[in-house]
file work-v2.csv (CSV, C-alpha atoms)
chain,number,residue,atom,x,y,z
A,111,MET,CA,0.0,0.0,0.0
A,112,SER,CA,1.6,3.2,-1.2
A,113,ASP,CA,0.2,5.3,1.6
A,114,ALA,CA,1.1,2.9,4.4
A,115,PRO,CA,3.8,4.1,6.8
A,116,PRO,CA,7.3,2.6,6.5
A,117,VAL,CA,6.9,0.9,9.9
A,118,ALA,CA,3.8,0.2,11.9
A,119,THR,CA,3.7,-2.2,14.9
A,120,ARG,CA,0.5,-3.0,16.8
A,121,GLY,CA,0.3,-4.9,20.0
A,122,LEU,CA,3.8,-6.4,19.5
A,123,VAL,CA,4.7,-8.9,22.2
A,124,LYS,CA,7.7,-11.3,22.5
A,125,ARG,CA,8.0,-13.7,25.4
A,126,TYR,CA,10.8,-16.1,26.2
A,127,GLY,CA,9.3,-18.4,28.8
A,128,GLU,CA,8.5,-16.2,31.8
A,129,ILE,CA,10.5,-13.3,30.4
A,130,VAL,CA,8.6,-10.5,28.6
A,131,ALA,CA,11.1,-9.0,26.2
A,132,VAL,CA,8.6,-6.7,24.3
A,133,ASP,CA,5.3,-5.8,25.8
A,134,HIS,CA,2.5,-4.6,23.5
A,135,VAL,CA,4.6,-2.1,21.5
A,136,ASP,CA,2.8,0.2,19.2
A,137,LEU,CA,5.0,2.3,16.9
A,138,THR,CA,4.5,4.3,13.7
A,139,VAL,CA,7.5,5.5,11.7
A,140,GLU,CA,6.4,8.1,9.1
A,141,PRO,CA,8.0,8.7,5.7
A,142,GLY,CA,11.0,10.9,6.0
A,143,ASP,CA,11.5,10.3,9.7
A,144,VAL,CA,14.9,9.9,11.3
A,145,PHE,CA,13.3,7.9,14.2
A,146,GLY,CA,15.2,7.2,17.3
A,147,TYR,CA,14.3,4.1,19.2
A,148,LEU,CA,15.7,4.6,22.7
A,149,GLY,CA,16.1,2.5,25.8
A,150,PRO,CA,18.6,1.2,28.3
A,151,ASN,CA,20.6,-1.9,27.4
A,152,GLY,CA,18.2,-4.8,27.7
A,153,ALA,CA,15.0,-2.8,27.3
A,154,GLY,CA,13.8,-4.7,24.2
A,155,LYS,CA,15.2,-2.6,21.3
A,156,THR,CA,17.0,-5.3,19.4
A,157,THR,CA,14.2,-7.8,19.9
A,158,SER,CA,11.8,-5.3,18.4
A,159,LEU,CA,14.0,-4.7,15.4
A,160,ARG,CA,14.4,-8.5,14.8
A,161,MET,CA,10.6,-8.8,14.7
A,162,MET,CA,10.3,-5.8,12.4
A,163,LEU,CA,12.6,-7.6,9.9
A,164,GLY,CA,10.9,-11.0,10.3
A,165,LEU,CA,13.9,-12.6,12.0
A,166,VAL,CA,11.9,-13.4,15.1
A,167,ARG,CA,8.2,-14.4,15.2
A,168,PRO,CA,6.1,-12.2,17.6
A,169,THR,CA,4.3,-14.0,20.4
A,170,GLU,CA,1.4,-11.6,19.8
A,171,GLY,CA,0.7,-8.6,17.5
A,172,ARG,CA,1.9,-7.7,14.1
A,173,VAL,CA,4.4,-5.7,12.1
A,174,GLU,CA,3.9,-4.0,8.8
A,175,LEU,CA,6.5,-2.5,6.6
A,176,PHE,CA,4.9,-0.2,4.0
A,177,GLY,CA,1.7,-2.2,4.7
A,178,ARG,CA,3.3,-5.6,4.3
A,179,ASP,CA,3.7,-8.2,7.0
A,180,PRO,CA,7.1,-10.1,6.8
A,181,LEU,CA,5.5,-13.2,8.4
A,182,VAL,CA,2.8,-13.3,5.8
A,183,GLU,CA,4.6,-12.1,2.7
A,184,GLY,CA,8.1,-13.2,3.5
A,185,ALA,CA,10.9,-11.6,1.5
A,186,ARG,CA,8.5,-9.6,-0.6
A,187,ALA,CA,7.7,-7.6,2.6
A,188,LEU,CA,11.3,-6.5,2.7
A,189,ASP,CA,11.3,-4.8,-0.7
A,190,GLY,CA,12.7,-1.3,-0.1
A,191,VAL,CA,13.9,-2.2,3.4
A,192,ALA,CA,17.5,-2.8,4.5
A,193,GLY,CA,19.7,-2.5,7.6
A,194,PHE,CA,21.4,-4.6,10.2
A,195,VAL,CA,20.7,-5.8,13.7
A,196,GLU,CA,23.6,-5.7,16.1
A,197,ALA,CA,27.0,-5.4,14.3
A,198,PRO,CA,27.2,-6.1,10.6
A,199,ARG,CA,29.3,-9.2,9.7
A,200,PHE,CA,31.7,-9.6,6.8
A,201,TYR,CA,34.4,-12.0,5.7
A,202,PRO,CA,37.5,-10.5,7.3
A,203,TYR,CA,40.0,-12.0,4.7
A,204,LEU,CA,38.2,-10.3,1.8
A,205,SER,CA,38.4,-6.6,1.0
A,206,GLY,CA,35.4,-4.3,1.6
A,207,ARG,CA,34.8,-4.1,-2.2
A,208,LYS,CA,34.8,-7.9,-2.5
A,209,ASN,CA,32.4,-8.3,0.4
A,210,LEU,CA,30.0,-6.0,-1.2
A,211,ARG,CA,30.3,-7.8,-4.6
A,212,LEU,CA,29.5,-11.1,-2.8
A,213,LEU,CA,26.4,-9.5,-1.2
A,214,ALA,CA,25.3,-7.9,-4.5
A,215,ASP,CA,25.4,-11.3,-6.2
A,216,TYR,CA,22.6,-12.4,-3.8
A,217,ASP,CA,20.5,-9.4,-4.8
A,218,ASP,CA,19.3,-7.9,-8.1
A,219,GLY,CA,21.5,-7.6,-11.1
A,220,ASP,CA,21.9,-3.8,-10.7
A,221,SER,CA,23.4,-3.9,-7.2
A,222,ARG,CA,27.0,-4.4,-8.4
A,223,SER,CA,26.8,-1.2,-10.5
A,224,ARG,CA,26.2,0.8,-7.3
A,225,ILE,CA,29.1,-0.6,-5.2
A,226,GLU,CA,31.6,2.2,-6.0
A,227,GLU,CA,29.0,4.9,-5.4
A,228,MET,CA,28.0,3.5,-2.1
A,229,LEU,CA,31.7,3.1,-1.0
A,230,GLU,CA,32.2,6.8,-1.8
A,231,LEU,CA,29.0,7.7,0.0
A,232,VAL,CA,30.2,6.2,3.3
A,233,GLU,CA,33.7,7.5,2.7
A,234,LEU,CA,35.4,4.1,2.2
A,235,GLY,CA,36.5,4.6,-1.4
A,236,ASP,CA,40.2,4.8,-0.5
A,237,ARG,CA,40.1,1.7,1.7
A,238,ALA,CA,37.8,-0.5,-0.4
A,239,GLY,CA,40.6,-2.7,-1.5
A,240,ASP,CA,41.9,-3.4,2.0
A,241,ARG,CA,40.9,-6.5,4.0
A,242,VAL,CA,37.9,-5.9,6.3
A,243,GLY,CA,39.9,-7.6,9.1
A,244,GLY,CA,42.0,-4.5,9.2
A,245,TYR,CA,39.1,-2.1,9.4
A,246,SER,CA,38.3,-0.2,12.5
A,247,HIS,CA,34.9,-0.7,14.2
A,248,GLY,CA,33.6,2.5,12.7
A,249,MET,CA,34.7,1.5,9.2
A,250,ARG,CA,32.9,-1.8,9.5
A,251,GLN,CA,29.7,0.0,10.6
A,252,ARG,CA,30.0,2.2,7.6
A,253,LEU,CA,30.6,-0.8,5.3
A,254,GLY,CA,27.4,-2.3,6.8
A,255,ILE,CA,25.5,0.8,5.8
A,256,ALA,CA,27.0,0.7,2.3
A,257,ALA,CA,25.9,-3.0,2.0
A,258,SER,CA,22.4,-1.9,3.1
A,259,LEU,CA,22.3,0.9,0.6
A,260,LEU,CA,23.0,-1.4,-2.4
A,261,ARG,CA,19.4,-2.3,-2.3
A,262,GLN,CA,18.3,1.3,-2.8
A,263,PRO,CA,16.1,1.1,0.3
A,264,ARG,CA,13.3,3.5,1.2
A,265,LEU,CA,13.6,2.4,4.8
A,266,LEU,CA,16.9,1.8,6.7
A,267,LEU,CA,16.9,0.1,10.1
A,268,LEU,CA,20.1,0.5,12.1
A,269,ASP,CA,20.8,-1.2,15.5
A,270,GLU,CA,23.1,0.9,17.7
A,271,PRO,CA,25.1,2.2,14.7
A,272,ALA,CA,27.3,4.6,16.8
A,273,THR,CA,28.1,2.1,19.6
A,274,GLY,CA,31.8,1.7,20.1
A,275,LEU,CA,32.8,4.6,17.8
A,276,ASP,CA,35.3,7.2,18.8
A,277,PRO,CA,34.2,10.9,18.7
A,278,ALA,CA,35.3,11.3,15.1
A,279,GLY,CA,33.5,8.1,14.1
A,280,MET,CA,30.3,9.4,15.9
A,281,ARG,CA,30.6,12.6,14.0
A,282,ASP,CA,30.9,10.8,10.7
A,283,MET,CA,27.9,8.6,11.5
A,284,ARG,CA,25.8,11.6,12.3
A,285,ASP,CA,26.8,13.2,9.0
A,286,LEU,CA,26.0,10.1,7.1
A,287,VAL,CA,22.5,9.7,8.7
A,288,ARG,CA,21.7,13.3,7.9
A,289,ARG,CA,22.9,12.8,4.3
A,290,LEU,CA,20.7,9.7,3.9
A,291,ALA,CA,17.7,11.6,5.3
A,292,ARG,CA,18.2,14.4,2.8
A,293,GLU,CA,18.1,11.9,0.0
A,294,GLY,CA,14.6,10.8,1.2
A,295,ILE,CA,15.5,7.6,3.0
A,296,THR,CA,13.4,7.0,6.2
A,297,VAL,CA,15.8,5.9,9.0
A,298,LEU,CA,14.9,4.0,12.2
A,299,LEU,CA,17.9,3.7,14.5
A,300,SER,CA,18.0,2.2,17.9
A,301,SER,CA,20.4,3.6,20.4
A,302,HIS,CA,21.3,4.3,24.0
A,303,LEU,CA,23.6,7.2,23.0
A,304,LEU,CA,21.2,10.0,23.7
A,305,ALA,CA,23.3,12.9,22.6
A,306,GLU,CA,23.7,11.3,19.2
A,307,VAL,CA,19.9,10.8,18.9
A,308,GLU,CA,19.3,14.4,19.9
A,309,GLU,CA,21.6,15.6,17.1
A,310,VAL,CA,19.9,13.7,14.2
A,311,CYS,CA,16.4,12.5,15.1
A,312,ASN,CA,13.1,14.3,14.6
A,313,ARG,CA,10.9,11.7,16.3
A,314,VAL,CA,11.7,9.2,19.1
A,315,ALA,CA,10.2,6.4,21.1
A,316,ILE,CA,11.5,5.4,24.5
A,317,ILE,CA,11.2,1.8,25.6
A,318,ARG,CA,11.4,0.7,29.2
A,319,LYS,CA,11.2,-2.9,30.3
A,320,GLY,CA,9.7,-3.8,26.9
A,321,ARG,CA,7.0,-1.1,27.0
A,322,ILE,CA,6.8,2.2,25.2
A,323,VAL,CA,6.8,5.1,27.7
A,324,TYR,CA,7.0,7.9,25.1
A,325,GLU,CA,6.5,8.2,21.3
A,326,GLY,CA,6.3,11.4,19.4
A,327,PRO,CA,8.3,14.4,18.1
A,328,LEU,CA,11.6,15.0,19.9
A,329,GLN,CA,10.9,18.7,20.2
A,330,GLU,CA,7.6,18.0,21.9
A,331,LEU,CA,9.4,15.8,24.5
A,332,LEU,CA,12.0,18.4,25.1
A,333,ALA,CA,9.3,21.1,25.5
A,334,THR,CA,7.8,19.1,28.4
A,335,ALA,CA,10.7,20.2,30.5
A,336,ALA,CA,10.3,23.3,32.7
A,337,SER,CA,11.9,26.4,31.3
A,338,GLY,CA,14.8,27.2,33.7
A,339,TYR,CA,17.3,30.0,33.7
A,340,ARG,CA,20.7,30.7,35.2
A,341,LEU,CA,21.8,34.2,36.2
A,342,ARG,CA,25.3,35.2,37.2
A,343,SER,CA,26.2,38.6,38.7
A,344,PRO,CA,29.0,40.2,40.6
A,345,ASP,CA,26.3,41.4,43.0
A,346,LEU,CA,24.4,38.2,43.5
A,347,GLU,CA,22.5,39.2,46.7
A,348,ARG,CA,21.0,42.3,45.2
A,349,ALA,CA,20.1,40.4,42.0
A,350,ARG,CA,18.4,37.8,44.2
A,351,ILE,CA,16.3,40.5,45.9
A,352,VAL,CA,15.2,41.8,42.5
A,353,CYS,CA,14.3,38.3,41.4
A,354,LEU,CA,12.2,37.7,44.5
A,355,ALA,CA,10.3,40.8,44.0
A,356,HIS,CA,9.7,40.2,40.3
A,357,ALA,CA,6.4,38.7,39.1
A,358,GLY,CA,6.7,35.5,37.1
A,359,VAL,CA,10.0,34.3,38.7
A,360,HIS,CA,9.6,31.3,40.9
A,361,ASP,CA,11.6,28.4,42.3
A,362,LEU,CA,14.5,30.7,42.9
A,363,GLN,CA,17.7,29.1,44.3
A,364,ALA,CA,21.3,30.1,44.8
A,365,VAL,CA,23.5,27.3,43.6
A,366,ASP,CA,27.3,27.3,42.9
A,367,GLY,CA,27.6,31.0,42.8
A,368,GLU,CA,24.6,31.7,40.5
A,369,LEU,CA,20.9,32.0,40.7
A,370,ARG,CA,18.6,29.4,39.2
A,371,PHE,CA,14.9,30.0,38.6
A,372,GLN,CA,11.9,29.1,36.5
A,373,ALA,CA,10.1,31.7,34.4
A,374,ASP,CA,8.6,32.2,30.9
A,375,GLU,CA,10.3,34.3,28.3
A,376,ASP,CA,8.3,37.4,28.9
A,377,ALA,CA,9.1,37.4,32.6
A,378,VAL,CA,12.8,37.0,31.9
A,379,ALA,CA,12.7,39.9,29.4
A,380,ALA,CA,11.1,42.1,32.1
A,381,LEU,CA,13.6,40.8,34.7
A,382,SER,CA,16.6,41.8,32.6
A,383,ILE,CA,15.2,45.4,32.3
A,384,ALA,CA,14.6,45.5,36.1
A,385,LEU,CA,18.2,44.4,36.8
A,386,GLY,CA,19.5,47.1,34.4
A,387,GLN,CA,17.3,49.8,36.1
A,388,ALA,CA,18.7,48.7,39.5
A,389,ARG,CA,22.2,49.1,38.0
A,390,ILE,CA,23.0,45.4,38.8
A,391,GLY,CA,25.7,44.0,36.5
A,392,VAL,CA,24.8,40.7,34.8
A,393,THR,CA,27.5,38.5,33.4
A,394,ALA,CA,25.2,35.7,32.2
A,395,LEU,CA,21.4,35.1,31.9
A,396,VAL,CA,20.9,31.9,30.0
A,397,PRO,CA,18.2,29.3,29.5
A,398,ASP,CA,18.8,26.0,31.2
A,399,ARG,CA,16.6,23.5,29.5
A,400,ALA,CA,16.6,19.8,30.3
A,401,SER,CA,18.4,17.6,27.8
A,402,LEU,CA,17.1,14.5,26.2
A,403,GLU,CA,19.3,12.6,28.7
A,404,ASP,CA,17.6,14.3,31.6
A,405,LEU,CA,14.2,13.4,30.3
A,406,PHE,CA,15.3,9.9,29.4
A,407,PHE,CA,16.4,9.1,32.9
A,408,GLY,CA,13.3,10.6,34.3
A,409,LEU,CA,11.3,8.1,32.2
A,410,THR,CA,13.5,5.1,32.8
A,411,GLU,CA,15.4,5.8,36.1
A,412,ASP,CA,14.0,2.8,38.0
A,413,GLU,CA,15.0,0.4,35.3
A,414,ALA,CA,17.8,-1.1,37.3
A,415,THR,CA,16.1,-1.0,40.7
A,416,ASP,CA,12.6,-2.2,40.2
A,417,ASN,CA,12.7,-6.0,40.2
A,418,THR,CA,9.0,-6.5,40.6
A,419,GLU,CA,8.3,-6.4,36.9
A,420,ALA,CA,9.3,-8.7,34.0
A,421,VAL,CA,12.8,-8.2,32.7
A,422,ALA,CA,13.3,-7.3,29.1
A,423,VAL,CA,16.1,-8.7,26.9

call {"tool": "encode", "arguments": {"input": "work-v2.csv", "output": "structure tokens"}}
result
Amino acid sequence: MSDAPPVATRGLVKRYGEIVAVDHVDLTVEPGDVFGYLGPNGAGKTTSLRMMLGLVRPTEGRVELFGRDPLVEGARALDGVAGFVEAPRFYPYLSGRKNLRLLADYDDGDSRSRIEEMLELVELGDRAGDRVGGYSHGMRQRLGIAASLLRQPRLLLLDEPATGLDPAGMRDMRDLVRRLAREGITVLLSSHLLAEVEEVCNRVAIIRKGRIVYEGPLQELLATAASGYRLRSPDLERARIVCLAHAGVHDLQAVDGELRFQADEDAVAALSIALGQARIGVTALVPDRASLEDLFFGLTEDEATDNTEAVAV
């Protein structure tokens, strides 16, 4: 179905004996999304991706990729879909180029013609003739993406693509995901690296103990945090008195040589004028919004301590 979303799961459940790995997960990934699937290690992310790709049969519920169920339509449901779960695997004694040629031979006849283009896209063109056994972890991750792109996918599923990368490798992975999104590819990536997700994703879902605790636009999640501000001044006590007397400023605290408070933008604008009129010097007055990491821990913070619920794997 042409108008069906790239990914839709409804009531998705996976049990392993008494262990509930995925617990009635409903997700919708829209065309053009860079969708972050977030959760602590062991929350159920990888199991979910395996079910999406038809590698694991759900205990209950269903998955549809562009309106097609992998368990009903088999490989045909994966037309236009590519990616990898956990780390991509290659023959270490073959070069990156030869590994891609081998994979292309299992796919359509045009895949071989795209190998050099994909190697350049993931910036491996100059190392394509080297054995994969000599590649860094980041290079193997990028080669995995190149292998996925040989199929010209409309949907790319990536499981922890930035895990184990050094800062330069993370930067390269961010740039690559952004480039793919600009080319119209929908990306679903699972991760526990929150700063990376905050940099590239427009929508997220957070999974905790196999259950979704948030799904929606990333900016809407960030907007749920209270608007805090930090104020620094060489005359902190007088600044504190002005803040206390000012309407719209609340939860005022002096912490580590600065004032922290909650207020909306109009109140802060008026406060800055009042401080100037009182001839109180201000060296900093900056917003202090919660990061995705702060919100994530707020939603999942009892993951390790609550042993009364089923454990996800």

call {"tool": "closest_atom_pairs", "arguments": {"input": "work-v2.csv", "of": "stretch 157-239 of chain A", "to": "stretch 284-287 of chain A", "cutoff": "10 Å", "atoms": "all atoms listed in the file", "output": "Markdown table"}}
result
| residue | atom | partner | partner_atom | distance |
| --- | --- | --- | --- | --- |
| A:Leu231 | CA | A:Leu286 | CA | 8.1 |
| A:Val232 | CA | A:Leu286 | CA | 6.9 |
| A:Glu233 | CA | A:Leu286 | CA | 9.2 |

call {"tool": "closest_residue", "arguments": {"input": "work-v2.csv", "among": "A:Gly279, A:Pro180, A:Gly391, A:Pro327", "to": "A:Ala349", "atoms": "only C-alpha atoms"}}
result
A:Gly391

call {"tool": "closest_atom_pairs", "arguments": {"input": "work-v2.csv", "of": "stretch 159-257 of chain A", "to": "stretch 139-147 of chain A", "cutoff": "12 Å", "atoms": "only C-alpha atoms", "output": "tab-separated table"}}
result
residue	atom	partner	partner_atom	distance
A:Leu159	CA	A:Tyr147	CA	9.6
A:Met162	CA	A:Val139	CA	11.7
A:Val173	CA	A:Val139	CA	11.6
A:Glu174	CA	A:Val139	CA	10.6
A:Leu175	CA	A:Val139	CA	9.5
A:Phe176	CA	A:Pro141	CA	9.6
A:Gly177	CA	A:Val139	CA	11.9

call {"tool": "atom_distance", "arguments": {"input": "work-v2.csv", "atom1": "atom CA of A:Arg120", "atom2": "atom CA of A:Met161"}}
result
11.8 Å

call {"tool": "closest_residue", "arguments": {"input": "work-v2.csv", "among": "A:Leu395, A:Ala291, A:Val307, A:Met228", "to": "A:Gln262", "atoms": "all atoms listed in the file"}}
result
A:Met228

call {"tool": "atom_distance", "arguments": {"input": "work-v2.csv", "atom1": "atom CA of A:Gly320", "atom2": "atom CA of A:Tyr126"}}
result
12.4 Å

call {"tool": "closest_residue", "arguments": {"input": "work-v2.csv", "among": "A:His356, A:Lys208, A:Arg261, A:Arg125", "to": "A:Thr169", "atoms": "all atoms listed in the file"}}
result
A:Arg125

call {"tool": "closest_residue", "arguments": {"input": "work-v2.csv", "among": "A:Gly239, A:Tyr203, A:Pro150, A:Arg178", "to": "A:Asp113", "atoms": "all atoms listed in the file"}}
result
A:Arg178

call {"tool": "atom_distance", "arguments": {"input": "work-v2.csv", "atom1": "atom CA of A:Val323", "atom2": "atom CA of A:Thr410"}}
result
8.4 Å

call {"tool": "residues_around", "arguments": {"input": "work-v2.csv", "residues": "A:Val396", "least_positions_apart": "6", "cutoff": "7 Å", "atoms": "all atoms listed in the file", "output": "MDAnalysis selection string"}}
result
chainID A and resid 339:341

call {"tool": "residues_around", "arguments": {"input": "work-v2.csv", "residues": "A:Ser300", "least_positions_apart": "4", "cutoff": "10 Å", "atoms": "all atoms listed in the file", "output": "list in words"}}
result
Phe145, Gly146, Tyr147, Leu148, Gly149, Lys155, Thr156, Ser158, Leu159, Val195, Glu196, Leu267, Leu268, Asp269, Glu270, Pro271, Ala272, Val307, Val314, Ala315 and Ile316 of chain A

call {"tool": "write_last_selection", "arguments": {"input": "work-v2.csv", "atoms": "C-alpha atoms", "output": "PDB file, in the coordinates of the input"}}
result
ATOM      1  CA  PHE A 145      13.300   7.900  14.200  1.00  0.00           C
ATOM      2  CA  GLY A 146      15.200   7.200  17.300  1.00  0.00           C
ATOM      3  CA  TYR A 147      14.300   4.100  19.200  1.00  0.00           C
ATOM      4  CA  LEU A 148      15.700   4.600  22.700  1.00  0.00           C
ATOM      5  CA  GLY A 149      16.100   2.500  25.800  1.00  0.00           C
ATOM      6  CA  LYS A 155      15.200  -2.600  21.300  1.00  0.00           C
ATOM      7  CA  THR A 156      17.000  -5.300  19.400  1.00  0.00           C
ATOM      8  CA  SER A 158      11.800  -5.300  18.400  1.00  0.00           C
ATOM      9  CA  LEU A 159      14.000  -4.700  15.400  1.00  0.00           C
ATOM     10  CA  VAL A 195      20.700  -5.800  13.700  1.00  0.00           C
ATOM     11  CA  GLU A 196      23.600  -5.700  16.100  1.00  0.00           C
ATOM     12  CA  LEU A 267      16.900   0.100  10.100  1.00  0.00           C
ATOM     13  CA  LEU A 268      20.100   0.500  12.100  1.00  0.00           C
ATOM     14  CA  ASP A 269      20.800  -1.200  15.500  1.00  0.00           C
ATOM     15  CA  GLU A 270      23.100   0.900  17.700  1.00  0.00           C
ATOM     16  CA  PRO A 271      25.100   2.200  14.700  1.00  0.00           C
ATOM     17  CA  ALA A 272      27.300   4.600  16.800  1.00  0.00           C
ATOM     18  CA  VAL A 307      19.900  10.800  18.900  1.00  0.00           C
ATOM     19  CA  VAL A 314      11.700   9.200  19.100  1.00  0.00           C
ATOM     20  CA  ALA A 315      10.200   6.400  21.100  1.00  0.00           C
ATOM     21  CA  ILE A 316      11.500   5.400  24.500  1.00  0.00           C
TER      22      ILE A 316
END

call {"tool": "closest_residue", "arguments": {"input": "work-v2.csv", "among": "A:Leu346, A:Leu188, A:Ala256, A:Ala388", "to": "A:Val117", "atoms": "all atoms listed in the file"}}
result
A:Leu188

call {"tool": "residues_near_point", "arguments": {"input": "work-v2.csv", "point": "(9.7, -12.9, 12.1)", "cutoff": "12 Å", "atoms": "all atoms listed in the file", "output": "compact mmCIF listing (two decimals) with C-alpha atoms, in the coordinates of the input"}}
result
# COMPACT_ATOMS: atom_id res chain seq x y z
CA LEU A 122 3.80 -6.40 19.50
CA VAL A 123 4.70 -8.90 22.20
CA LYS A 124 7.70 -11.30 22.50
CA THR A 157 14.20 -7.80 19.90
CA SER A 158 11.80 -5.30 18.40
CA LEU A 159 14.00 -4.70 15.40
CA ARG A 160 14.40 -8.50 14.80
CA MET A 161 10.60 -8.80 14.70
CA MET A 162 10.30 -5.80 12.40
CA LEU A 163 12.60 -7.60 9.90
CA GLY A 164 10.90 -11.00 10.30
CA LEU A 165 13.90 -12.60 12.00
CA VAL A 166 11.90 -13.40 15.10
CA ARG A 167 8.20 -14.40 15.20
CA PRO A 168 6.10 -12.20 17.60
CA THR A 169 4.30 -14.00 20.40
CA GLU A 170 1.40 -11.60 19.80
CA GLY A 171 0.70 -8.60 17.50
CA ARG A 172 1.90 -7.70 14.10
CA VAL A 173 4.40 -5.70 12.10
CA GLU A 174 3.90 -4.00 8.80
CA ASP A 179 3.70 -8.20 7.00
CA PRO A 180 7.10 -10.10 6.80
CA LEU A 181 5.50 -13.20 8.40
CA VAL A 182 2.80 -13.30 5.80
CA GLU A 183 4.60 -12.10 2.70
CA GLY A 184 8.10 -13.20 3.50
CA ALA A 185 10.90 -11.60 1.50
CA ALA A 187 7.70 -7.60 2.60
CA LEU A 188 11.30 -6.50 2.70

call {"tool": "residues_near_point", "arguments": {"input": "work-v2.csv", "point": "(13.4, 15.8, 20.8)", "cutoff": "7 Å", "atoms": "only C-alpha atoms", "output": "CSV table (one decimal) with C-alpha atoms, in the frame of the given file"}}
result
chain,number,residue,atom,x,y,z
A,308,GLU,CA,19.3,14.4,19.9
A,312,ASN,CA,13.1,14.3,14.6
A,313,ARG,CA,10.9,11.7,16.3
A,327,PRO,CA,8.3,14.4,18.1
A,328,LEU,CA,11.6,15.0,19.9
A,329,GLN,CA,10.9,18.7,20.2
A,330,GLU,CA,7.6,18.0,21.9
A,331,LEU,CA,9.4,15.8,24.5
A,332,LEU,CA,12.0,18.4,25.1
A,402,LEU,CA,17.1,14.5,26.2

call {"tool": "closest_residue", "arguments": {"input": "work-v2.csv", "among": "A:Leu229, A:Gly408, A:Asp215, A:Gly152", "to": "A:Ser301", "atoms": "only C-alpha atoms"}}
result
A:Gly152

call {"tool": "residues_around", "arguments": {"input": "work-v2.csv", "residues": "A:Leu381", "least_positions_apart": "4", "cutoff": "9 Å", "atoms": "all atoms listed in the file", "output": "PDB file with C-alpha atoms, in the coordinates of the input"}}
result
ATOM      1  CA  VAL A 352      15.200  41.800  42.500  1.00  0.00           C
ATOM      2  CA  CYS A 353      14.300  38.300  41.400  1.00  0.00           C
ATOM      3  CA  HIS A 356       9.700  40.200  40.300  1.00  0.00           C
ATOM      4  CA  ALA A 357       6.400  38.700  39.100  1.00  0.00           C
ATOM      5  CA  VAL A 359      10.000  34.300  38.700  1.00  0.00           C
ATOM      6  CA  ASP A 376       8.300  37.400  28.900  1.00  0.00           C
ATOM      7  CA  ALA A 377       9.100  37.400  32.600  1.00  0.00           C
ATOM      8  CA  LEU A 385      18.200  44.400  36.800  1.00  0.00           C
ATOM      9  CA  GLY A 386      19.500  47.100  34.400  1.00  0.00           C
TER      10      GLY A 386
END

call {"tool": "residues_around", "arguments": {"input": "work-v2.csv", "residues": "A:Leu265", "least_positions_apart": "3", "cutoff": "7 Å", "atoms": "all atoms listed in the file", "output": "MDAnalysis selection string"}}
result
chainID A and resid 116 190:192 295:297

call {"tool": "residues_around", "arguments": {"input": "work-v2.csv", "residues": "stretch 244-249 of chain A", "least_positions_apart": "5", "cutoff": "8 Å", "atoms": "only C-alpha atoms", "output": "ChimeraX atom specification"}}
result
/A:202,234,272,274-276,279

call {"tool": "decode", "arguments": {"input": "work-v2.csv", "residues": "stretch 161-172 of chain A", "atoms": "N, CA and C atoms", "output": "PDB file, in the first residue's frame"}}
result
ATOM      1  N   MET A 161      11.953  -8.491  15.166  1.00  0.00           N
ATOM      2  CA  MET A 161      10.580  -8.787  14.750  1.00  0.00           C
ATOM      3  C   MET A 161      10.171  -7.940  13.547  1.00  0.00           C
ATOM      4  N   MET A 162      10.619  -6.702  13.502  1.00  0.00           N
ATOM      5  CA  MET A 162      10.297  -5.848  12.359  1.00  0.00           C
ATOM      6  C   MET A 162      10.842  -6.420  11.056  1.00  0.00           C
ATOM      7  N   LEU A 163      12.008  -7.045  11.120  1.00  0.00           N
ATOM      8  CA  LEU A 163      12.643  -7.592   9.926  1.00  0.00           C
ATOM      9  C   LEU A 163      12.245  -9.044   9.657  1.00  0.00           C
ATOM     10  N   GLY A 164      11.349  -9.587  10.467  1.00  0.00           N
ATOM     11  CA  GLY A 164      10.910 -10.956  10.253  1.00  0.00           C
ATOM     12  C   GLY A 164      11.906 -11.997  10.701  1.00  0.00           C
ATOM     13  N   LEU A 165      12.889 -11.603  11.504  1.00  0.00           N
ATOM     14  CA  LEU A 165      13.905 -12.554  11.966  1.00  0.00           C
ATOM     15  C   LEU A 165      13.434 -13.316  13.203  1.00  0.00           C
ATOM     16  N   VAL A 166      12.470 -12.740  13.928  1.00  0.00           N
ATOM     17  CA  VAL A 166      11.899 -13.362  15.125  1.00  0.00           C
ATOM     18  C   VAL A 166      10.391 -13.276  15.001  1.00  0.00           C
ATOM     19  N   ARG A 167       9.703 -14.358  15.313  1.00  0.00           N
ATOM     20  CA  ARG A 167       8.249 -14.369  15.240  1.00  0.00           C
ATOM     21  C   ARG A 167       7.666 -13.781  16.520  1.00  0.00           C
ATOM     22  N   PRO A 168       6.767 -12.791  16.402  1.00  0.00           N
ATOM     23  CA  PRO A 168       6.138 -12.232  17.609  1.00  0.00           C
ATOM     24  C   PRO A 168       5.281 -13.275  18.323  1.00  0.00           C
ATOM     25  N   THR A 169       5.212 -13.166  19.636  1.00  0.00           N
ATOM     26  CA  THR A 169       4.273 -13.982  20.398  1.00  0.00           C
ATOM     27  C   THR A 169       2.851 -13.506  20.160  1.00  0.00           C
ATOM     28  N   GLU A 170       2.698 -12.179  20.071  1.00  0.00           N
ATOM     29  CA  GLU A 170       1.407 -11.563  19.757  1.00  0.00           C
ATOM     30  C   GLU A 170       1.674 -10.329  18.909  1.00  0.00           C
ATOM     31  N   GLY A 171       0.607  -9.826  18.266  1.00  0.00           N
ATOM     32  CA  GLY A 171       0.697  -8.580  17.524  1.00  0.00           C
ATOM     33  C   GLY A 171       1.230  -8.771  16.122  1.00  0.00           C
ATOM     34  N   ARG A 172       1.456  -7.644  15.464  1.00  0.00           N
ATOM     35  CA  ARG A 172       1.901  -7.703  14.074  1.00  0.00           C
ATOM     36  C   ARG A 172       2.803  -6.517  13.733  1.00  0.00           C
TER      37      ARG A 172
END
